[in-house]
Structures are given as structure tokens and as C-alpha cells.
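Peer 1: See work_38.pdb below, with PDB, C-alpha atoms, pLDDT in the B column.
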ATOM      1  CA  MET U   1      30.633  -5.218  20.128  1.00 76.00           C
ATOM      2  CA  ILE U   2      26.923  -5.111  21.012  1.00 83.00           C
ATOM      3  CA  LEU U   3      27.317  -1.480  22.058  1.00 83.00           C
ATOM      4  CA  GLY U   4      28.990  -0.678  18.718  1.00 83.00           C
ATOM      5  CA  ILE U   5      26.199  -2.355  16.752  1.00 88.00           C
ATOM      6  CA  SER U   6      23.594  -0.510  18.820  1.00 87.00           C
ATOM      7  CA  VAL U   7      25.285   2.831  18.195  1.00 88.00           C
ATOM      8  CA  VAL U   8      25.532   2.185  14.443  1.00 88.00           C
ATOM      9  CA  ALA U   9      21.863   1.115  14.313  1.00 89.00           C
ATOM     10  CA  PHE U  10      20.842   4.230  16.244  1.00 90.00           C
ATOM     11  CA  LEU U  11      22.875   6.507  13.957  1.00 89.00           C
ATOM     12  CA  LEU U  12      21.450   4.892  10.819  1.00 89.00           C
ATOM     13  CA  THR U  13      17.904   5.214  12.146  1.00 89.00           C
ATOM     14  CA  THR U  14      18.508   8.843  13.059  1.00 89.00           C
ATOM     15  CA  ALA U  15      19.935   9.540   9.596  1.00 86.00           C
ATOM     16  CA  VAL U  16      16.936   7.932   7.867  1.00 82.00           C
ATOM     17  CA  VAL U  17      14.448   9.861  10.014  1.00 83.00           C
ATOM     18  CA  ALA U  18      16.318  13.145   9.474  1.00 82.00           C
ATOM     19  CA  TYR U  19      16.451  12.530   5.720  1.00 76.00           C
ATOM     20  CA  ARG U  20      12.735  11.789   5.507  1.00 72.00           C
ATOM     21  CA  LEU U  21      11.818  14.820   7.593  1.00 70.00           C
ATOM     22  CA  THR U  22      13.922  17.220   5.555  1.00 72.00           C
ATOM     23  CA  MET U  23      13.178  15.829   2.091  1.00 65.00           C
ATOM     24  CA  ARG U  24       9.457  15.194   2.367  1.00 64.00           C
ATOM     25  CA  LEU U  25       6.803  17.264   0.672  1.00 54.00           C
ATOM     26  CA  SER U  26       5.356  19.547   3.318  1.00 62.00           C
ATOM     27  CA  GLU U  27       1.724  19.015   2.367  1.00 68.00           C
ATOM     28  CA  ARG U  28      -0.290  17.896  -0.613  1.00 75.00           C
ATOM     29  CA  THR U  29      -2.980  20.292  -1.692  1.00 78.00           C
ATOM     30  CA  PRO U  30      -6.080  19.045  -3.501  1.00 77.00           C
ATOM     31  CA  SER U  31      -4.413  20.062  -6.783  1.00 76.00           C
ATOM     32  CA  ASP U  32      -1.224  18.170  -5.895  1.00 79.00           C
ATOM     33  CA  VAL U  33      -2.614  14.879  -4.692  1.00 83.00           C
ATOM     34  CA  PHE U  34      -3.581  13.314  -8.025  1.00 83.00           C
ATOM     35  CA  LEU U  35      -0.099  14.038  -9.380  1.00 83.00           C
ATOM     36  CA  PHE U  36       1.375  11.685  -6.760  1.00 85.00           C
ATOM     37  CA  LEU U  37      -1.049   8.817  -7.339  1.00 89.00           C
ATOM     38  CA  GLN U  38      -0.164   5.758  -9.384  1.00 91.00           C
ATOM     39  CA  LYS U  39      -2.840   4.177 -11.547  1.00 90.00           C
ATOM     40  CA  LEU U  40      -3.821   0.747 -10.299  1.00 88.00           C
ATOM     41  CA  ASP U  41      -5.777  -1.928 -12.145  1.00 87.00           C
ATOM     42  CA  LEU U  42      -7.946  -3.371  -9.394  1.00 83.00           C
ATOM     43  CA  GLU U  43      -8.681  -6.570 -11.302  1.00 85.00           C
ATOM     44  CA  SER U  44      -4.961  -7.313 -11.590  1.00 86.00           C
ATOM     45  CA  LEU U  45      -4.527  -6.433  -7.919  1.00 84.00           C
ATOM     46  CA  TYR U  46      -7.207  -8.930  -6.892  1.00 83.00           C
ATOM     47  CA  GLY U  47      -5.710 -11.577  -9.166  1.00 81.00           C
ATOM     48  CA  ALA U  48      -2.227 -11.076  -7.729  1.00 82.00           C
ATOM     49  CA  PHE U  49      -3.360 -11.904  -4.201  1.00 82.00           C
ATOM     50  CA  HIS U  50      -6.127 -14.405  -4.901  1.00 81.00           C
ATOM     51  CA  PRO U  51      -5.169 -17.969  -3.880  1.00 78.00           C
ATOM     52  CA  GLU U  52      -7.365 -19.503  -6.584  1.00 80.00           C
ATOM     53  CA  ALA U  53      -4.911 -18.432  -9.302  1.00 78.00           C
ATOM     54  CA  GLU U  54      -2.167 -20.154  -7.337  1.00 79.00           C
ATOM     55  CA  GLU U  55      -4.084 -23.437  -7.328  1.00 80.00           C
ATOM     56  CA  HIS U  56      -4.510 -23.219 -11.088  1.00 79.00           C
ATOM     57  CA  PHE U  57      -0.761 -22.714 -11.590  1.00 81.00           C
ATOM     58  CA  ARG U  58       0.114 -25.434  -9.094  1.00 79.00           C
ATOM     59  CA  SER U  59      -2.038 -28.016 -10.860  1.00 79.00           C
ATOM     60  CA  SER U  60      -1.125 -27.105 -14.438  1.00 83.00           C
ATOM     61  CA  LEU U  61       2.643 -26.489 -14.170  1.00 82.00           C
ATOM     62  CA  SER U  62       5.637 -28.595 -13.252  1.00 84.00           C
ATOM     63  CA  PRO U  63       7.112 -27.928  -9.773  1.00 81.00           C
ATOM     64  CA  GLU U  64      10.012 -25.911 -11.248  1.00 86.00           C
ATOM     65  CA  GLU U  65       7.731 -23.862 -13.472  1.00 87.00           C
ATOM     66  CA  PHE U  66       5.391 -23.270 -10.550  1.00 84.00           C
ATOM     67  CA  LYS U  67       8.291 -21.990  -8.397  1.00 89.00           C
ATOM     68  CA  ASP U  68       9.217 -19.522 -11.141  1.00 87.00           C
ATOM     69  CA  VAL U  69       5.630 -18.331 -11.488  1.00 85.00           C
ATOM     70  CA  GLN U  70       5.191 -18.092  -7.724  1.00 87.00           C
ATOM     71  CA  LEU U  71       8.388 -16.045  -7.433  1.00 88.00           C
ATOM     72  CA  LYS U  72       7.076 -13.621 -10.052  1.00 90.00           C
ATOM     73  CA  ARG U  73       3.723 -13.429  -8.276  1.00 90.00           C
ATOM     74  CA  ILE U  74       5.467 -12.580  -5.004  1.00 90.00           C
ATOM     75  CA  HIS U  75       7.478  -9.819  -6.693  1.00 93.00           C
ATOM     76  CA  LEU U  76       4.277  -8.509  -8.291  1.00 91.00           C
ATOM     77  CA  ALA U  77       2.498  -8.579  -4.931  1.00 92.00           C
ATOM     78  CA  VAL U  78       5.345  -6.556  -3.357  1.00 94.00           C
ATOM     79  CA  HIS U  79       5.008  -4.075  -6.212  1.00 94.00           C
ATOM     80  CA  TYR U  80       1.268  -3.750  -5.601  1.00 94.00           C
ATOM     81  CA  CYS U  81       1.853  -3.283  -1.865  1.00 94.00           C
ATOM     82  CA  ASN U  82       4.225  -0.427  -2.696  1.00 94.00           C
ATOM     83  CA  ILE U  83       1.630   1.209  -4.945  1.00 94.00           C
ATOM     84  CA  LEU U  84      -1.151   0.809  -2.375  1.00 94.00           C
ATOM     85  CA  SER U  85       1.032   2.227   0.352  1.00 93.00           C
ATOM     86  CA  GLY U  86       2.215   5.152  -1.793  1.00 92.00           C
ATOM     87  CA  ASN U  87      -1.293   6.056  -2.906  1.00 93.00           C
ATOM     88  CA  ALA U  88      -2.598   5.787   0.639  1.00 94.00           C
ATOM     89  CA  TRP U  89       0.245   8.038   1.801  1.00 92.00           C
ATOM     90  CA  ALA U  90      -0.633  10.670  -0.838  1.00 91.00           C
ATOM     91  CA  LEU U  91      -4.298  10.603   0.168  1.00 92.00           C
ATOM     92  CA  GLN U  92      -3.420  10.704   3.857  1.00 92.00           C
ATOM     93  CA  SER U  93      -1.233  13.775   3.355  1.00 90.00           C
ATOM     94  CA  TRP U  94      -4.189  15.413   1.599  1.00 89.00           C
ATOM     95  CA  THR U  95      -6.288  14.858   4.731  1.00 91.00           C
ATOM     96  CA  LYS U  96      -3.547  16.574   6.731  1.00 89.00           C
ATOM     97  CA  PHE U  97      -3.808  19.607   4.448  1.00 88.00           C
ATOM     98  CA  GLU U  98      -7.592  19.667   4.766  1.00 88.00           C
ATOM     99  CA  ARG U  99      -7.461  19.452   8.543  1.00 88.00           C
ATOM    100  CA  LYS U 100      -4.866  22.212   8.705  1.00 87.00           C
ATOM    101  CA  GLN U 101      -6.306  24.623   6.117  1.00 85.00           C
ATOM    102  CA  ASN U 102     -10.029  24.050   5.634  1.00 82.00           C
ATOM    103  CA  TRP U 103     -11.276  22.309   8.755  1.00 85.00           C
ATOM    104  CA  PRO U 104     -13.468  25.149  10.097  1.00 84.00           C
ATOM    105  CA  LEU U 105     -15.051  25.608   6.654  1.00 84.00           C
ATOM    106  CA  PHE U 106     -16.216  22.005   6.377  1.00 85.00           C
ATOM    107  CA  ASP U 107     -19.572  20.854   7.675  1.00 87.00           C
ATOM    108  CA  PRO U 108     -19.566  17.937  10.154  1.00 90.00           C
ATOM    109  CA  ASP U 109     -20.333  15.352   7.465  1.00 91.00           C
ATOM    110  CA  LEU U 110     -17.383  16.486   5.369  1.00 89.00           C
ATOM    111  CA  GLN U 111     -15.158  16.526   8.449  1.00 90.00           C
ATOM    112  CA  GLU U 112     -16.201  12.948   9.108  1.00 94.00           C
ATOM    113  CA  THR U 113     -15.339  12.020   5.505  1.00 92.00           C
ATOM    114  CA  VAL U 114     -11.854  13.505   5.930  1.00 91.00           C
ATOM    115  CA  LEU U 115     -11.304  11.599   9.190  1.00 93.00           C
ATOM    116  CA  ALA U 116     -12.618   8.350   7.695  1.00 95.00           C
ATOM    117  CA  LEU U 117     -10.303   8.829   4.687  1.00 94.00           C
ATOM    118  CA  ARG U 118      -7.337   9.350   7.004  1.00 93.00           C
ATOM    119  CA  ASP U 119      -8.213   6.232   9.005  1.00 95.00           C
ATOM    120  CA  ALA U 120      -8.653   4.087   5.891  1.00 95.00           C
ATOM    121  CA  CYS U 121      -5.300   5.300   4.559  1.00 94.00           C
ATOM    122  CA  VAL U 122      -3.521   4.504   7.831  1.00 93.00           C
ATOM    123  CA  GLN U 123      -5.108   1.043   7.932  1.00 94.00           C
ATOM    124  CA  CYS U 124      -4.161   0.380   4.301  1.00 94.00           C
ATOM    125  CA  ARG U 125      -0.562   1.467   4.870  1.00 93.00           C
ATOM    126  CA  MET U 126      -0.228  -0.665   7.996  1.00 93.00           C
ATOM    127  CA  ALA U 127      -1.719  -3.718   6.279  1.00 92.00           C
ATOM    128  CA  ALA U 128       0.515  -3.175   3.227  1.00 93.00           C
ATOM    129  CA  PHE U 129       3.547  -2.972   5.521  1.00 93.00           C
ATOM    130  CA  VAL U 130       2.694  -6.297   7.188  1.00 92.00           C
ATOM    131  CA  ILE U 131       1.919  -8.031   3.886  1.00 92.00           C
ATOM    132  CA  ARG U 132       5.053  -6.628   2.218  1.00 93.00           C
ATOM    133  CA  LEU U 133       7.168  -7.793   5.156  1.00 92.00           C
ATOM    134  CA  ARG U 134       5.790 -11.322   4.812  1.00 92.00           C
ATOM    135  CA  LEU U 135       6.309 -11.308   1.045  1.00 93.00           C
ATOM    136  CA  ARG U 136       9.912 -10.180   1.389  1.00 93.00           C
ATOM    137  CA  TRP U 137      10.498 -12.895   3.955  1.00 93.00           C
ATOM    138  CA  TRP U 138       9.166 -15.368   1.402  1.00 91.00           C
ATOM    139  CA  LEU U 139      11.627 -14.071  -1.186  1.00 91.00           C
ATOM    140  CA  VAL U 140      14.508 -14.561   1.248  1.00 92.00           C
ATOM    141  CA  ARG U 141      13.244 -18.013   2.189  1.00 90.00           C
ATOM    142  CA  MET U 142      12.922 -19.067  -1.445  1.00 89.00           C
ATOM    143  CA  ALA U 143      16.452 -17.845  -2.192  1.00 88.00           C
ATOM    144  CA  MET U 144      18.025 -19.437   0.891  1.00 90.00           C
ATOM    145  CA  LEU U 145      16.011 -22.668   0.923  1.00 88.00           C
ATOM    146  CA  PRO U 146      15.128 -23.454  -2.706  1.00 84.00           C
ATOM    147  CA  PHE U 147      14.345 -27.085  -1.906  1.00 87.00           C
ATOM    148  CA  LEU U 148      11.256 -26.109   0.146  1.00 84.00           C
ATOM    149  CA  ASN U 149       7.841 -25.790  -1.452  1.00 84.00           C
ATOM    150  CA  PRO U 150       6.975 -22.217  -2.429  1.00 86.00           C
ATOM    151  CA  PRO U 151       4.827 -20.323   0.074  1.00 86.00           C
ATOM    152  CA  ARG U 152       1.077 -20.199  -0.440  1.00 83.00           C
ATOM    153  CA  PHE U 153      -0.863 -16.980  -0.923  1.00 82.00           C
ATOM    154  CA  GLN U 154      -3.625 -18.472   1.221  1.00 81.00           C
ATOM    155  CA  ALA U 155      -1.433 -17.590   4.219  1.00 82.00           C
ATOM    156  CA  LEU U 156      -1.703 -13.906   3.304  1.00 80.00           C
ATOM    157  CA  LEU U 157      -5.468 -14.020   3.756  1.00 80.00           C
ATOM    158  CA  ARG U 158      -4.954 -14.874   7.414  1.00 80.00           C
ATOM    159  CA  ILE U 159      -2.748 -11.844   7.976  1.00 79.00           C
ATOM    160  CA  GLY U 160      -4.921  -9.380   6.094  1.00 75.00           C
ATOM    161  CA  SER U 161      -4.307  -9.204   2.340  1.00 80.00           C
ATOM    162  CA  ALA U 162      -8.053  -8.989   1.671  1.00 80.00           C
ATOM    163  CA  ASP U 163      -8.361  -6.358   4.397  1.00 84.00           C
ATOM    164  CA  MET U 164      -5.560  -4.327   2.813  1.00 88.00           C
ATOM    165  CA  ILE U 165      -7.433  -4.242  -0.500  1.00 88.00           C
ATOM    166  CA  SER U 166     -10.693  -3.436   1.276  1.00 90.00           C
ATOM    167  CA  PHE U 167      -9.069  -0.519   3.132  1.00 93.00           C
ATOM    168  CA  TYR U 168      -7.732   0.775  -0.181  1.00 93.00           C
ATOM    169  CA  ASP U 169     -11.167   0.508  -1.811  1.00 92.00           C
ATOM    170  CA  THR U 170     -12.649   2.451   1.102  1.00 94.00           C
ATOM    171  CA  ALA U 171      -9.936   5.109   0.869  1.00 95.00           C
ATOM    172  CA  THR U 172     -10.435   5.615  -2.867  1.00 93.00           C
ATOM    173  CA  ALA U 173     -14.222   5.884  -2.484  1.00 94.00           C
ATOM    174  CA  LEU U 174     -13.823   8.463   0.294  1.00 94.00           C
ATOM    175  CA  ALA U 175     -11.210  10.391  -1.716  1.00 93.00           C
ATOM    176  CA  GLU U 176     -13.567  10.522  -4.681  1.00 92.00           C
ATOM    177  CA  ALA U 177     -16.331  11.834  -2.409  1.00 91.00           C
ATOM    178  CA  LEU U 178     -14.024  14.478  -0.937  1.00 90.00           C
ATOM    179  CA  SER U 179     -12.780  15.533  -4.374  1.00 89.00           C
ATOM    180  CA  GLN U 180     -16.303  16.530  -5.387  1.00 88.00           C
ATOM    181  CA  VAL U 181     -16.007  19.509  -3.038  1.00 86.00           C
ATOM    182  CA  TYR U 182     -13.444  20.969  -5.462  1.00 87.00           C
ATOM    183  CA  GLY U 183     -15.575  20.587  -8.554  1.00 85.00           C
ATOM    184  CA  ALA U 184     -16.089  18.212 -11.436  1.00 86.00           C
ATOM    185  CA  ASP U 185     -12.668  18.866 -13.001  1.00 87.00           C
ATOM    186  CA  HIS U 186     -10.792  17.965  -9.827  1.00 83.00           C
ATOM    187  CA  HIS U 187     -13.024  14.941  -9.255  1.00 83.00           C
ATOM    188  CA  SER U 188     -12.392  13.754 -12.825  1.00 86.00           C
ATOM    189  CA  LYS U 189      -8.615  14.126 -12.501  1.00 86.00           C
ATOM    190  CA  LEU U 190      -8.560  12.237  -9.205  1.00 84.00           C
ATOM    191  CA  THR U 191     -10.767   9.452 -10.552  1.00 86.00           C
ATOM    192  CA  GLN U 192      -8.512   9.053 -13.593  1.00 85.00           C
ATOM    193  CA  ALA U 193      -5.407   8.963 -11.389  1.00 83.00           C
ATOM    194  CA  LEU U 194      -6.816   6.215  -9.193  1.00 83.00           C
TER
END
If you took the structure in this file and wrote it as C-alpha cells, what would it be?

Peer 2:
Amino acid sequence: MILGISVVAFLLTTAVVAYRLTMRLSERTPSDVFLFLQKLDLESLYGAFHPEAEEHFRSSLSPEEFKDVQLKRIHLAVHYCNILSGNAWALQSWTKFERKQNWPLFDPDLQETVLALRDACVQCRMAAFVIRLRLRWWLVRMAMLPFLNPPRFQALLRIGSADMISFYDTATALAEALSQVYGADHHSKLTQAL
């Protein structure tokens, strides 16, 4: 039985990897990248993860109302993690294009900007993965054990929710700097997309 489960898990993993490799966009050029970005209101993002809002809801709402609000906040936080991760992935794939196509043409400072952008994107995606995993666990826990108190967003600070947002801020600033190489029009389009 364990062998059968292991084989099925291996086959499913192989199928997912094969699908992603064959269906992915090969590379995102500077003209492509802003088309794949989702607009993100940073103020709403901060508010979704900030524990102070939670304390306000906890003190002003009944326990049942607070559970409903907290459930919505968790779903919203998962949504924001998906957006952060997707945008970071689009920007990271742009750095791959730059390293493959234009690397010798860039001066050392610009090369460093591209590498720093790639690193910030990787860090943001990893942090978003960890935060999203915790949030989804909370959703399962709330569904399976509704009698427990809702989880607290303060716990996300300890595992890096503020870092995730900081990595994203760094990535967007570096992407805006890199976009200036392609002119004001490209820079404007990227800034509007972010």
C-alpha cells in the first residue's frame, strides 16, 4: 500500500513538473513583463497583514462576527500572497531574459541591479510560499475546529510577513530602476502595472 501511494505521488509530481515545463512562457521580454503584472494597492496589502487591524476587529465585534471577519482576512491575505508571488515570478523571468540576452551589454552597476532584482524576487516568492502555507493551514484549522479561537496575524510577523512585503517593495523599486534603461514609455507602463 505504501509503495502504491509512493508511486502515485511520484507520477503526480512528474505530471505537474512536465506540465509546467511544457506550458510555461519561455521568457518574458521587457515589453512582455508589464502585461503579466497585477496591480496591487500597497496600502490594502499592509492593512491585510497588519495585526493592529485585527485587534480593532477583536475588540469591536462579537466572537462570531470576528471569526467571519478573520476568515475573510485570511482569504484576502492568501489572495495577496498569490499576487505578490505572481508579480515576483514575472519580474524574475525578466531578469532571466536580461541575463541571457543583454548581459554583456550592461555595465557592472546594471548587472548588479539585475542580480539584486532576481534575489529580491526569489526571496519574495519563498516568503509568500511560507506565509500562504500557514494561511491555508489556518483555513483548514478553522473549518475542522470551529470551536477554537481564530488564529492571530501577529504569528505571521514571526515567520516573515513583513519581510515578504519588504522583499516585494525592493523588487518593485529595482524593476522600476531597470525599466528606465528601456526609456520613459516602458518605465511608465511598468510603474502603472505595479

Peer 1: Neighbours of Glu98 of chain U within 10 Å (all atoms listed in the file; same-chain residues fewer than 6 positions away dropped), as a PyMOL selection string?

Peer 2: chain U and resi 27-30+92+104-106+111+114-115

Peer 1: So which residues get picked by the PyMOL selection byres ((chain U and resi 51) around 6) here, written as number ranges by chain?

Peer 2: U: 50, 52-54, 153-154

Peer 1: State, in Å with one decimal place, the distance from atom CA of Asp185 of chain U to atom CA of Asp32 of chain U.

Peer 2: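 Between these atoms lies a distance of 13.5 Å.
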
Peer 1: Of the residues U:Ser60, U:Thr13, U:Asn87, U:Gln180, which is the one nearest to Leu37 of chain U, using all atoms listed in the file?

Peer 2: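 When distances to Leu37 of chain U are compared using all atoms listed in the file, the smallest one comes from U:Asn87.
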
Peer 1: Just the number, please: distance in Å from atom CA of Asp163 of chain U to atom CA of Phe49 of chain U, one decimal.

Peer 2: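 Straight-line distance from atom CA of Asp163 of chain U to atom CA of Phe49 of chain U works out to 11.4 Å.
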
Peer 1: Identify all residues satisfying the PyMOL selection byres ((chain U and resi 177) around 12) in the given file; provide them as a list in words.

Peer 2: Asp109, Leu110, Gln111, Glu112, Thr113, Val114, Ala116, Leu117, Thr170, Ala171, Thr172, Ala173, Leu174, Ala175, Glu176, Leu178, Ser179, Gln180, Val181, Tyr182, Gly183, Ala184, His186, His187, Ser188, Leu190 and Thr191 of chain U

Peer 1: Complete the atoms of segment 162-173 of chain U to N, CA and C atoms and put them out as a PDB file, in the frame of the given file.

Peer 2:
ATOM      1  N   ALA U 162      -6.727  -9.430   2.116  1.00 80.00           N
ATOM      2  CA  ALA U 162      -8.053  -8.989   1.671  1.00 80.00           C
ATOM      3  C   ALA U 162      -8.443  -7.696   2.387  1.00 80.00           C
ATOM      4  N   ASP U 163      -8.081  -7.586   3.655  1.00 84.00           N
ATOM      5  CA  ASP U 163      -8.361  -6.358   4.397  1.00 84.00           C
ATOM      6  C   ASP U 163      -7.614  -5.175   3.801  1.00 84.00           C
ATOM      7  N   MET U 164      -6.367  -5.385   3.417  1.00 88.00           N
ATOM      8  CA  MET U 164      -5.560  -4.327   2.813  1.00 88.00           C
ATOM      9  C   MET U 164      -6.263  -3.771   1.567  1.00 88.00           C
ATOM     10  N   ILE U 165      -6.746  -4.659   0.726  1.00 88.00           N
ATOM     11  CA  ILE U 165      -7.433  -4.242  -0.500  1.00 88.00           C
ATOM     12  C   ILE U 165      -8.750  -3.549  -0.157  1.00 88.00           C
ATOM     13  N   SER U 166      -9.444  -4.058   0.844  1.00 90.00           N
ATOM     14  CA  SER U 166     -10.693  -3.436   1.276  1.00 90.00           C
ATOM     15  C   SER U 166     -10.459  -2.029   1.825  1.00 90.00           C
ATOM     16  N   PHE U 167      -9.405  -1.846   2.619  1.00 93.00           N
ATOM     17  CA  PHE U 167      -9.069  -0.519   3.132  1.00 93.00           C
ATOM     18  C   PHE U 167      -8.760   0.432   1.979  1.00 93.00           C
ATOM     19  N   TYR U 168      -8.062  -0.065   0.969  1.00 93.00           N
ATOM     20  CA  TYR U 168      -7.732   0.775  -0.181  1.00 93.00           C
ATOM     21  C   TYR U 168      -8.996   1.164  -0.947  1.00 93.00           C
ATOM     22  N   ASP U 169      -9.901   0.203  -1.142  1.00 92.00           N
ATOM     23  CA  ASP U 169     -11.167   0.508  -1.811  1.00 92.00           C
ATOM     24  C   ASP U 169     -11.937   1.584  -1.054  1.00 92.00           C
ATOM     25  N   THR U 170     -11.970   1.460   0.268  1.00 94.00           N
ATOM     26  CA  THR U 170     -12.649   2.451   1.102  1.00 94.00           C
ATOM     27  C   THR U 170     -11.996   3.815   0.957  1.00 94.00           C
ATOM     28  N   ALA U 171     -10.668   3.846   0.988  1.00 95.00           N
ATOM     29  CA  ALA U 171      -9.936   5.109   0.869  1.00 95.00           C
ATOM     30  C   ALA U 171     -10.206   5.778  -0.474  1.00 95.00           C
ATOM     31  N   THR U 172     -10.208   5.009  -1.550  1.00 93.00           N
ATOM     32  CA  THR U 172     -10.435   5.615  -2.867  1.00 93.00           C
ATOM     33  C   THR U 172     -11.866   6.143  -2.990  1.00 93.00           C
ATOM     34  N   ALA U 173     -12.831   5.412  -2.439  1.00 94.00           N
ATOM     35  CA  ALA U 173     -14.222   5.884  -2.484  1.00 94.00           C
ATOM     36  C   ALA U 173     -14.374   7.186  -1.690  1.00 94.00           C
TER      37      ALA U 173
END
